[in-house]
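Novice: So that you have it, the file is query37.txt, and it contains compact mmCIF, C-alpha atoms:
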# COMPACT_ATOMS: atom_id res chain seq x y z
CA MET I 1 144.73 48.47 70.69
CA PRO I 2 141.63 50.00 69.01
CA THR I 3 140.45 53.49 69.93
CA ALA I 4 136.90 54.65 70.65
CA LEU I 5 135.70 58.25 70.93
CA ILE I 6 132.53 58.73 72.99
CA THR I 7 130.60 61.98 73.28
CA GLY I 8 128.54 62.61 76.39
CA ALA I 9 130.87 60.15 78.08
CA THR I 10 130.63 61.06 81.76
CA ALA I 11 127.12 59.85 82.58
CA GLY I 12 124.35 57.46 81.58
CA ILE I 13 124.68 55.54 78.34
CA GLY I 14 127.93 57.30 77.43
CA ALA I 15 129.56 56.23 80.69
CA ALA I 16 128.25 52.69 80.18
CA PHE I 17 129.85 52.62 76.72
CA ALA I 18 133.12 53.80 78.27
CA ARG I 19 133.07 50.97 80.84
CA ARG I 20 132.20 48.32 78.27
CA LEU I 21 134.79 49.43 75.73
CA ALA I 22 137.49 49.79 78.39
CA ALA I 23 136.72 46.21 79.48
CA ASP I 24 137.14 45.23 75.81
CA ALA I 25 140.63 46.83 75.84
CA PHE I 26 139.79 49.92 73.78
CA SER I 27 141.79 53.08 74.28
CA LEU I 28 139.27 55.83 74.98
CA VAL I 29 138.74 59.45 74.02
CA LEU I 30 136.09 60.89 76.32
CA VAL I 31 134.18 64.00 75.24
CA ALA I 32 131.94 66.08 77.51
CA ARG I 33 131.47 69.66 78.67
CA ASP I 34 132.46 69.20 82.33
CA GLU I 35 136.26 69.05 82.52
CA LEU I 36 136.30 67.98 86.17
CA ARG I 37 133.92 65.06 85.60
CA LEU I 38 135.93 64.05 82.55
CA ALA I 39 139.12 63.88 84.60
CA GLN I 40 137.41 61.87 87.34
CA ALA I 41 135.92 59.43 84.82
CA ALA I 42 139.28 59.00 83.11
CA ASP I 43 141.06 58.28 86.39
CA GLN I 44 138.48 55.65 87.36
CA LEU I 45 138.67 53.90 83.99
CA LYS I 46 142.47 53.88 83.98
CA LEU I 47 142.58 52.47 87.50
CA ARG I 48 139.95 49.78 86.92
CA TYR I 49 140.78 48.65 83.37
CA GLY I 50 144.37 49.75 82.78
CA VAL I 51 143.59 51.41 79.43
CA ASP I 52 144.73 54.69 77.92
CA VAL I 53 142.15 57.43 78.35
CA GLU I 54 142.29 60.83 76.66
CA VAL I 55 139.93 63.61 77.76
CA LEU I 56 138.55 66.20 75.37
CA PRO I 57 136.41 68.91 76.99
CA ALA I 58 134.04 70.27 74.36
CA ASP I 59 130.53 71.70 74.09
CA LEU I 60 129.02 70.26 70.90
CA ALA I 61 126.45 73.05 70.82
CA THR I 62 129.26 75.46 69.90
CA GLU I 63 131.33 75.81 66.76
CA GLU I 64 134.54 75.70 68.76
CA GLY I 65 133.56 72.46 70.49
CA LEU I 66 132.50 70.75 67.28
CA ALA I 67 135.68 71.78 65.47
CA LYS I 68 137.82 70.43 68.33
CA VAL I 69 136.19 66.99 68.18
CA GLU I 70 136.23 66.93 64.37
CA ALA I 71 139.98 67.53 64.44
CA ARG I 72 140.53 64.64 66.86
CA LEU I 73 138.43 62.29 64.75
CA LYS I 74 140.44 63.13 61.66
CA ASP I 75 143.48 61.72 63.46
CA GLY I 76 141.66 58.38 63.37
CA VAL I 77 139.46 56.25 65.62
CA ASP I 78 138.09 52.74 65.25
CA LEU I 79 134.73 53.41 66.90
CA LEU I 80 132.74 56.62 67.26
CA VAL I 81 129.82 56.76 69.69
CA ASN I 82 127.70 59.87 69.09
CA ASN I 83 125.90 59.84 72.43
CA ALA I 84 125.73 63.50 73.52
CA GLY I 85 122.17 64.74 73.88
CA PHE I 86 119.59 66.27 76.17
CA GLY I 87 115.92 67.05 76.58
CA ASN I 88 114.33 70.47 76.98
CA PRO I 89 111.98 71.28 79.87
CA GLY I 90 108.51 72.10 78.61
CA ARG I 91 106.54 71.17 75.52
CA PHE I 92 106.51 72.44 71.98
CA PRO I 93 105.82 75.25 71.09
CA HIS I 94 106.51 76.72 74.53
CA VAL I 95 110.24 75.91 74.60
CA PRO I 96 112.34 78.95 73.60
CA VAL I 97 113.58 78.65 70.05
CA GLU I 98 117.18 79.10 71.20
CA ARG I 99 116.95 75.89 73.23
CA GLU I 100 115.35 74.04 70.32
CA LEU I 101 118.14 75.15 67.99
CA ARG I 102 120.74 74.07 70.54
CA MET I 103 119.12 70.63 70.59
CA LEU I 104 119.22 70.38 66.80
CA LYS I 105 122.87 71.44 66.85
CA VAL I 106 123.81 68.63 69.24
CA HIS I 107 121.43 65.90 68.03
CA CYS I 108 121.69 66.49 64.28
CA GLU I 109 124.53 68.78 63.17
CA ALA I 110 127.05 67.24 65.57
CA VAL I 111 126.10 63.69 64.51
CA LEU I 112 126.44 64.64 60.85
CA ARG I 113 129.75 66.45 61.19
CA LEU I 114 131.42 63.97 63.52
CA THR I 115 130.35 61.06 61.32
CA LEU I 116 131.82 62.82 58.29
CA ALA I 117 135.03 63.53 60.21
CA ALA I 118 135.45 59.88 61.25
CA LEU I 119 134.58 58.18 57.96
CA PRO I 120 137.62 59.07 55.79
CA GLY I 121 140.03 57.37 58.18
CA MET I 122 137.76 54.34 58.50
CA ARG I 123 137.50 54.02 54.73
CA GLU I 124 141.26 54.34 54.37
CA ARG I 125 141.82 51.55 56.92
CA ASP I 126 138.85 49.57 55.56
CA ARG I 127 137.31 49.11 59.00
CA GLY I 128 135.46 50.98 61.71
CA ALA I 129 132.10 51.54 63.33
CA ILE I 130 129.82 54.42 64.28
CA VAL I 131 126.99 54.22 66.82
CA ASN I 132 124.57 57.13 66.77
CA VAL I 133 122.43 57.15 69.91
CA ALA I 134 118.83 57.96 69.02
CA SER I 135 115.74 56.91 70.99
CA VAL I 136 112.52 54.93 70.80
CA ALA I 137 110.97 58.41 70.65
CA ALA I 138 112.19 58.47 67.03
CA PHE I 139 109.30 56.19 66.10
CA PHE I 140 106.63 58.33 67.76
CA THR I 141 105.51 61.95 67.68
CA ARG I 142 107.39 63.58 70.57
CA GLY I 143 108.09 67.21 69.67
CA THR I 144 111.52 68.43 68.61
CA TYR I 145 113.27 65.73 70.62
CA GLY I 146 111.50 62.90 68.82
CA ALA I 147 111.90 64.63 65.46
CA SER I 148 115.64 65.06 65.98
CA LYS I 149 116.03 61.41 66.93
CA ALA I 150 113.99 60.35 63.91
CA TRP I 151 116.55 62.24 61.83
CA VAL I 152 119.37 60.33 63.55
CA VAL I 153 117.77 56.98 62.66
CA ASN I 154 117.13 57.97 59.04
CA PHE I 155 120.60 59.47 58.67
CA SER I 156 122.33 56.40 60.13
CA GLU I 157 120.51 54.02 57.83
CA SER I 158 121.16 56.26 54.84
CA ALA I 159 124.84 56.66 55.67
CA ALA I 160 125.29 52.91 56.07
CA ASN I 161 123.63 52.40 52.70
CA GLU I 162 125.85 54.98 51.01
CA VAL I 163 129.09 53.66 52.51
CA ARG I 164 128.27 50.12 51.32
CA ASN I 165 131.14 48.47 53.16
CA PRO I 166 130.39 45.57 55.52
CA ARG I 167 133.63 46.33 57.39
CA ILE I 168 132.41 49.84 58.24
CA LYS I 169 129.28 49.63 60.36
CA ILE I 170 126.91 52.51 61.08
CA MET I 171 124.07 51.89 63.51
CA ALA I 172 121.37 53.93 65.24
CA LEU I 173 120.80 52.89 68.85
CA CYS I 174 117.21 53.46 70.01
CA PRO I 175 116.78 52.83 73.74
CA GLY I 176 113.61 53.45 75.68
CA PHE I 177 113.55 54.87 79.21
CA VAL I 178 116.96 54.40 80.82
CA ARG I 179 117.83 55.24 84.41
CA THR I 180 120.32 58.07 83.91
CA GLU I 181 120.62 61.78 84.72
CA PHE I 182 118.81 62.65 81.48
CA HIS I 183 115.31 63.14 82.87
CA GLN I 184 116.40 65.04 85.96
CA ARG I 185 118.48 67.44 83.88
CA ALA I 186 115.47 68.10 81.64
CA SER I 187 113.20 68.63 84.69
CA MET I 188 110.92 65.86 83.45
CA ASP I 189 108.28 64.27 85.68
CA THR I 190 108.84 60.53 85.34
CA SER I 191 106.30 59.47 87.98
CA GLY I 192 103.85 58.31 85.32
CA ILE I 193 106.31 55.93 83.66
CA PRO I 194 105.66 52.30 84.69
CA GLY I 195 108.56 50.65 86.48
CA PHE I 196 108.79 47.77 84.00
CA LEU I 197 109.69 50.20 81.19
CA TRP I 198 112.95 51.31 82.80
CA LEU I 199 116.21 49.87 81.45
CA LYS I 200 119.75 49.82 82.84
CA ALA I 201 122.41 51.63 80.82
CA ASP I 202 124.84 48.69 80.96
CA ASP I 203 122.16 46.36 79.55
CA VAL I 204 121.44 48.82 76.74
CA VAL I 205 125.11 48.97 75.80
CA ARG I 206 125.51 45.19 75.93
CA GLU I 207 122.66 44.71 73.45
CA ALA I 208 123.93 47.56 71.30
CA MET I 209 127.38 46.02 70.95
CA ARG I 210 125.83 42.66 70.08
CA ASP I 211 123.64 44.26 67.40
CA LEU I 212 126.61 46.21 66.04
CA ALA I 213 128.63 43.00 65.72
CA MET I 214 125.71 41.43 63.86
CA GLY I 215 125.68 44.31 61.38
CA ARG I 216 122.27 45.71 62.29
CA ARG I 217 121.61 49.28 61.23
CA VAL I 218 119.00 49.98 63.91
CA SER I 219 119.19 48.58 67.43
CA VAL I 220 116.20 48.65 69.77
CA PRO I 221 117.38 47.10 73.06
CA ASP I 222 115.02 44.89 75.05
CA LEU I 223 112.09 42.79 73.84
CA ARG I 224 109.60 45.13 75.51
CA TYR I 225 110.67 48.06 73.38
CA LYS I 226 110.96 45.96 70.24
CA ALA I 227 107.28 45.10 70.76
CA ILE I 228 106.35 48.73 71.46
CA VAL I 229 108.05 49.92 68.28
CA ALA I 230 106.48 47.12 66.21
CA VAL I 231 102.99 47.95 67.49
CA GLY I 232 103.62 51.68 67.14
CA ARG I 233 104.34 51.27 63.45
CA LEU I 234 100.94 49.65 62.95
CA VAL I 235 98.67 52.07 64.82
CA PRO I 236 97.45 55.39 63.36
CA ARG I 237 99.62 58.43 63.97
CA GLY I 238 96.81 60.10 65.90
CA LEU I 239 96.78 57.28 68.44
CA GLN I 240 100.56 57.47 68.70
CA SER I 241 100.23 61.15 69.60
CA LEU I 242 97.67 60.37 72.28
CA VAL I 243 99.91 57.79 73.92
CA SER I 244 102.94 60.08 73.70
CA ASN I 245 101.02 62.84 75.41
CA ARG I 246 100.06 60.57 78.32
CA ILE I 247 103.34 58.76 78.94
CA GLY I 248 106.71 60.25 79.70
CA ARG I 249 105.82 63.94 79.59
Take the structure I supplied and represent it as structure tokens, if you would.
Specialist:
Amino acid sequence: MPTALITGATAGIGAAFARRLAADAFSLVLVARDELRLAQAADQLKLRYGVDVEVLPADLATEEGLAKVEARLKDGVDLLVNNAGFGNPGRFPHVPVERELRMLKVHCEAVLRLTLAALPGMRERDRGAIVNVASVAAFFTRGTYGASKAWVVNFSESAANEVRNPRIKIMALCPGFVRTEFHQRASMDTSGIPGFLWLKADDVVREAMRDLAMGRRVSVPDLRYKAIVAVGRLVPRGLQSLVSNRIGR
């Protein structure tokens, strides 16, 4: 039975990955900060799918938390889903620098270090996969959040190119607006976001797993967002900034 480790596994896209992979008969290692929610999620997954579920409470914004997850990955997993992430209330440059650095720790340093911890075992077994959850914001100018997700996309593509093994897949997942706890936790006003732009987490994960199986290095779920990204790459950066300032702030 293959094993998957998922960070940010108790809500949103992370929880959707846990459900999908449990249905696919993966043993799970769930990582999140909230130990109680981890235990509840594990119990539900065991009951519904009959799979083994290990819980690993860890805050990836801390050295202790990162080291704990790195150590578990070095024991070997078949699939790593780097999903942990968050948004900061407020706009650059008014967000306190401590919060911005915490975001970079989770979005960039954690993705780098956990990928490096998982890869040796995958290369030894000559198989494995890593999904790094980024965002459509990676393709637009959206403050520190968008910049950190742009790094995730570039890093994932670069890592896949360096590994050069079709049996070890590394992919950046770039969803658009997904109905999760993310926006509420970041105190974001989502009233200006059109209803047709919202995606369901389970649909995002379904498309992500399909793209991963096909060997794609960047996955943008849903035709609407594929079109938005394609158009965004053609328009001037100044116009991108204008649109970003008016939607989703």
Novice: Which residues are near Pro120 of chain I? Cut-off 8 Å, all atoms listed in the file, ignore same chain within fewer than 4 positions. Put them as a PyMOL selection string.
Specialist: chain I and resi 74+116+124
Novice: As an exercise, work out the distance from atom CA of Ala39 of chain I to atom CA of Thr10 of chain I in Å and give it to one decimal place.
Specialist: 9.4 Å
Novice: Anything within 10 Å of (115.3, 48.5, 70.6): list those residues as a list in words, counting all atoms listed in the file and sticking to the file's coordinates.
Specialist: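 Answer for this query, in the requested form: Ser135, Val136, Ala172, Leu173, Cys174, Pro175, Gly176, Val204, Glu207, Ala208, Asp211, Val218, Ser219, Val220, Pro221, Asp222, Leu223, Arg224, Tyr225, Lys226, Ala227, Ile228, Val229 and Ala230 of chain I.
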Novice: Identify which of the residues I:Glu35, I:Glu157, I:Glu70, I:Glu63 lies closest to Lys105 of chain I, counting all atoms listed in the file when measuring atom-to-atom distances.
Specialist: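 Among the listed residues, I:Glu63 lies closest to Lys105 of chain I.
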Novice: Could you give me, as JSON, numbers by chain, the residues that sit within 7 Å of (133.3, 68.2, 78.5) in the file's coordinates, counting only C-alpha atoms?
Specialist: {"I": [31, 32, 33, 34, 35, 38, 56, 57, 58, 59]}
Novice: Could you check which of I:Leu101, I:Leu212, I:Ile130, I:Ala22 is closest to Val53 of chain I, using all atoms listed in the file?
Specialist: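 Smallest separation from Val53 of chain I among the options: I:Ala22.
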Novice: Would you mind reading off the distance between atom CA of Ile170 of chain I and atom CA of Val77 of chain I, one decimal, in Å?
Specialist: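 Separation of atom CA of Ile170 of chain I and atom CA of Val77 of chain I: 13.9 Å.
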Novice: Name the residues in contact with Ala117 of chain I at a cut-off of 10 Å, using all atoms listed in the file, excluding same-chain residues fewer than 3 positions from it; report them as a list in words.
Specialist: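 Skipping anything fewer than 3 positions along the chain leaves Ala67, Val69, Glu70, Ala71, Arg72, Leu73, Lys74, Asp75, Gly76, Val111, Leu112, Arg113, Leu114, Pro120, Gly121 and Met122 of chain I.
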Novice: Give the padded box for segment 144-159 of chain I as JSON: axis-aligned, covering all atoms listed in the file, 4 Å on each side, centre and edge lengths in Å to one decimal.
Specialist:
{"center_x": 118.2, "center_y": 61.2, "center_z": 62.7, "size_x": 21.3, "size_y": 22.4, "size_z": 23.8}
Novice: One decimal, Å: what's the distance from atom CA of Asn165 of chain I over to atom CA of Thr3 of chain I, could you say?
Specialist: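 The value is 19.8 Å.
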Novice: Fewer than 5 positions away in the same chain doesn't count, so skip those; otherwise give me all residues within 7 Å of Asn83 of chain I, counting only C-alpha atoms, as number ranges by chain.
Specialist: I: 6-8, 14, 132-133
Novice: For Met209 of chain I, which residue among I:Gly195, I:Phe155, I:Ala138, I:Met171 is the nearest when counting all atoms listed in the file?
Specialist: I:Met171
Novice: With distances taken over all atoms listed in the file, which residue among I:Arg19, I:Leu36, I:Glu98, I:Phe196 lies nearest Phe177 of chain I?
Specialist: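 Result for the nearest residue to Phe177 of chain I: I:Phe196.
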Novice: Which residues are near segment 24-28 of chain I? Cut-off 8 Å, all atoms listed in the file, ignore same chain within fewer than 6 positions. Put them as a PDB file with C-alpha atoms, keeping the file's coordinate frame.
Specialist:
ATOM      1  CA  MET I   1     144.730  48.470  70.690  1.00  0.00           C
ATOM      2  CA  PRO I   2     141.630  50.000  69.010  1.00  0.00           C
ATOM      3  CA  THR I   3     140.450  53.490  69.930  1.00  0.00           C
ATOM      4  CA  ALA I   4     136.900  54.650  70.650  1.00  0.00           C
ATOM      5  CA  LEU I   5     135.700  58.250  70.930  1.00  0.00           C
ATOM      6  CA  ILE I   6     132.530  58.730  72.990  1.00  0.00           C
ATOM      7  CA  ALA I  18     133.120  53.800  78.270  1.00  0.00           C
ATOM      8  CA  TYR I  49     140.780  48.650  83.370  1.00  0.00           C
ATOM      9  CA  VAL I  51     143.590  51.410  79.430  1.00  0.00           C
ATOM     10  CA  ASP I  52     144.730  54.690  77.920  1.00  0.00           C
ATOM     11  CA  VAL I  53     142.150  57.430  78.350  1.00  0.00           C
ATOM     12  CA  GLU I  54     142.290  60.830  76.660  1.00  0.00           C
TER      13      GLU I  54
END
